[in-house]
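A short worksheet on the structure shown next.
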Amino acid sequence: MKAMDIKRWAIAIVGVFVLAPLSFAQAQELTKYQERLRDAHAVMDDALHVPEGIPHELLDKARCVIVIPSVVKAAFVLGASYGRGVMVCRTGEDARGPWGAPAMYALEGGSIGFQIGGQATDYILLVMNPRGANSLLHSKVRLGGDLSVAAGPVGRDLSADTDAYMRSEILSYSRARGVFAGVSLEGSTLRPDNDANRELYGRKVTAAEIVKGSEVRAPASAHELLSLLEESSPSLKS
C-alpha cells in the first residue's frame with residue numbers, strides 16, 4: 001500500500017473515532033425528546049381515565065393541550081424551578097381539524113416543580129381560546145400577566161358553571177402522587193423550547209410552523225399522544 005493511501009486510511013479512522021461520540025450524543029438527545037413525548041402521553045392518559053381527572057367537557061372546548069412531565073432531579077435550581085414538555089393544538093380553520101404535530105415547550109417559575117415526598121409533579125394546561133393559543137406560538141408569556149390562568153376543575157361532572165372557567169385563557173392542573181388537582185401557575189412563564197424543536201425535527205423550525213404548518217409531520221414517538229387526544233376529543237365543541 002502506498003504511503004498516500006495509508007495516510008488517507010489513517011485520517012478516515014481518526015475521523016470515525018472523533019465523530020462517533022458526537023453521533024452518540026445526538027442519538028441520546030433525540031431519545032430524550034422521544035421519551036418526553038411518551039411521558040406526556042402517560043400523564044394525559046391518566047388525566048382522562050381517572051374519576052377525579054380532567055373533565056372531558058373542558059377538553060372538548062380546549063384549542064391546545066400542554067403537558068409538562070416533571071423530573072425529580074431537575075425540579076429545583078437555586079430556588080427556581082422548571083419543566084420541559086409538549087404543546088399539541090387542533091389544526092384547521094378555527095381549530096376545527098384534527099390534533100396536529102407537537103411543539104416542545106418550557107415552563108419556568110418559582111411556583112412550579114414542587115415535590116411531595118420526593119415525588120415529581122406533572123402539569124397539564126388547557127388553552128381555551130384563540131388569543132391564548134396564538135400568544136404562545138411566538139414568544140415567552142407570563143401566566144397571570146400576559147395570559148389569564150386559573151386552576152381547573154376536576155371530576156366527571158362539573159359542579160360549577162363551565163362558562164366561568166371559559167373566561168380564563170388557560171386552565172391548569174397538577175398531578176402529584178397520582179392525584180390530580182387544579183393549581184394556580186400565576187407568575188410562571190411558558191415559552192417555545194426552540195432547541196428541543198430543532199433536535200426533534202432535525203431542522204430549525206418554529207413552534208408556529210409546527211403547530212400551524214401542514215408540512216411538519218409528527219414524529220412516530222408522538223403518535224400515542226395524538227391518538228389519545230383524537231379518541232378522547234376528536235372535534236372542538238363551542
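Residues in the C-alpha cells are named by chain (A, B, ... in the order shown) and by number from 1 within that chain; ligands are numbered from 1 in the order shown.
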Identify, on the basis of only C-alpha atoms, every residue whose closest approach to His223 in chain A does not exceed 10 Å; exclude the query and any residue fewer than 4 positions from it along the same chain; express the result as a ChimeraX atom specification. /A:37-38,41,101-102,218-219,227-229
So that I can see what lies close to Gly97 in chain A, please list as a list of chain:residue names the residues with an atom at most 9 Å from it, counting only C-alpha atoms and leaving out residues fewer than 5 positions away in the same chain.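 In the requested form, the answer reads A:Arg90, A:Thr91, A:Gly92, A:Pro234, A:Ser235, A:Leu236.
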Excluding Cys64 in chain A and residues on its chain fewer than 3 positions from it, collect all residues at most 7 Å away from it, counting only C-alpha atoms, and give them as a PyMOL selection string. chain A and resi 87-90+126-127+133
Any chance you could export the current selection's C-alpha atoms as a short mmCIF file (atom, residue, chain, number, x, y, z; two decimals), in the first residue's frame?
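Listing of out10.cif after writing:
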data_model
loop_
_atom_site.label_atom_id
_atom_site.label_comp_id
_atom_site.auth_asym_id
_atom_site.auth_seq_id
_atom_site.Cartn_x
_atom_site.Cartn_y
_atom_site.Cartn_z
CA MET A 87 -47.91 21.50 23.27
CA VAL A 88 -50.42 19.99 20.84
CA CYS A 89 -53.13 22.07 19.14
CA ARG A 90 -56.12 21.40 16.95
CA LEU A 126 -55.68 23.57 28.62
CA VAL A 127 -55.55 26.57 26.28
CA ALA A 133 -53.09 29.76 21.55
#
Which residues come within 8 Å of Pro69 in chain A, counting only C-alpha atoms, excluding same-chain residues fewer than 2 positions away, as a short mmCIF file (atom, residue, chain, number, x, y, z; two decimals) with C-alpha atoms, in the first residue's frame?
data_model
loop_
_atom_site.label_atom_id
_atom_site.label_comp_id
_atom_site.auth_asym_id
_atom_site.auth_seq_id
_atom_site.Cartn_x
_atom_site.Cartn_y
_atom_site.Cartn_z
CA ARG A 36 -40.70 13.36 26.73
CA ASP A 39 -44.20 10.60 29.19
CA ALA A 40 -46.67 13.27 28.08
CA VAL A 43 -49.71 11.76 32.04
CA VAL A 67 -48.32 18.53 29.10
CA VAL A 71 -38.38 15.16 36.58
CA GLY A 83 -40.17 21.75 33.44
CA ARG A 84 -39.99 20.70 29.81
CA GLY A 85 -42.93 19.35 27.87
CA THR A 121 -45.28 16.85 39.88
CA ASP A 122 -46.74 16.76 36.38
CA TYR A 123 -48.68 19.63 34.82
#
Pull the helix (DSSP H, G or I) assignments for range 67-234 of chain A out of DSSP run on the backbone, and list those residues as a ChimeraX atom specification. /A:72-74,93-95,130-136,162-166,194-201,207-212,220-232
Near-Ser172 in chain A list (8 Å; only C-alpha atoms; drop same-chain fewer than 5 positions) as a list in words: Tyr123, Ile124, Leu125, Leu126, Val149, Ala150, Ala151, Gly152, Gly182, Val183, Ser184 and Leu185 of chain A
Those of range 25-224 of chain A in DSSP strand (DSSP E), formatted as an MDAnalysis selection string: chainID A and resid 64:68 81:89 103:109 121:127 141:142 149:151 170:176 179:182 189:192
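The coordinates place CA of Arg191 in chain A at 10.8 Å from CA of Leu143 in chain A.
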So how many Å separate CA of Leu107 in chain A and CA of Ser188 in chain A, to one decimal? 7.0 Å
Report, in Å to a single decimal, how far apart CA of Ser238 in chain A and CA of Met128 in chain A are.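 Computed distance, CA of Met128 in chain A to CA of Ser238 in chain A, equals 10.3 Å.
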Just want the 8 Å neighbourhood of Leu190 in chain A, counted on only C-alpha atoms, with same-chain residues fewer than 6 positions away dropped. Output as a PyMOL selection string. chain A and resi 105-108+136+140-143
Within 9 Å of His56 in chain A, counting only C-alpha atoms, which residues show up once you throw out same-chain ones fewer than 5 positions away? Write them as a list in words, please. Leu48, Lys61, Arg156, Ser232 and Ser233 of chain A
Please produce a file of those selected residues containing N, CA and C atoms, as a PDB file, in the first residue's frame.
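Written file, result.pdb:
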ATOM      1  N   LEU A  48     -57.264  11.531  31.849  1.00  0.00           N
ATOM      2  CA  LEU A  48     -58.549  11.334  31.183  1.00  0.00           C
ATOM      3  C   LEU A  48     -59.265  10.054  31.601  1.00  0.00           C
ATOM      4  N   LYS A  61     -63.533  21.704  24.680  1.00  0.00           N
ATOM      5  CA  LYS A  61     -63.558  23.133  24.409  1.00  0.00           C
ATOM      6  C   LYS A  61     -62.156  23.729  24.285  1.00  0.00           C
ATOM      7  N   ARG A 156     -65.750  14.096  36.793  1.00  0.00           N
ATOM      8  CA  ARG A 156     -66.548  13.826  35.599  1.00  0.00           C
ATOM      9  C   ARG A 156     -67.641  14.868  35.405  1.00  0.00           C
ATOM     10  N   SER A 232     -60.238  10.793  22.471  1.00  0.00           N
ATOM     11  CA  SER A 232     -60.943  11.414  23.601  1.00  0.00           C
ATOM     12  C   SER A 232     -61.723  12.643  23.206  1.00  0.00           C
ATOM     13  N   SER A 233     -61.198  13.409  22.250  1.00  0.00           N
ATOM     14  CA  SER A 233     -61.840  14.664  21.850  1.00  0.00           C
ATOM     15  C   SER A 233     -61.554  14.946  20.391  1.00  0.00           C
TER      16      SER A 233
END
When distances are computed from only C-alpha atoms, which of A:Ala103, A:Leu59, A:Leu147, A:Ala222 shows the smallest separation from Thr189 in chain A? A:Leu147
Of the candidates A:Ser174, A:Ser148, A:Thr206, A:Ser168, which shows the shortest atom-to-atom distance to Glu52 in chain A, using only C-alpha atoms?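 Checking each of A:Ser174, A:Ser148, A:Thr206, A:Ser168 against Glu52 in chain A, counting only C-alpha atoms, the winner is A:Ser174.
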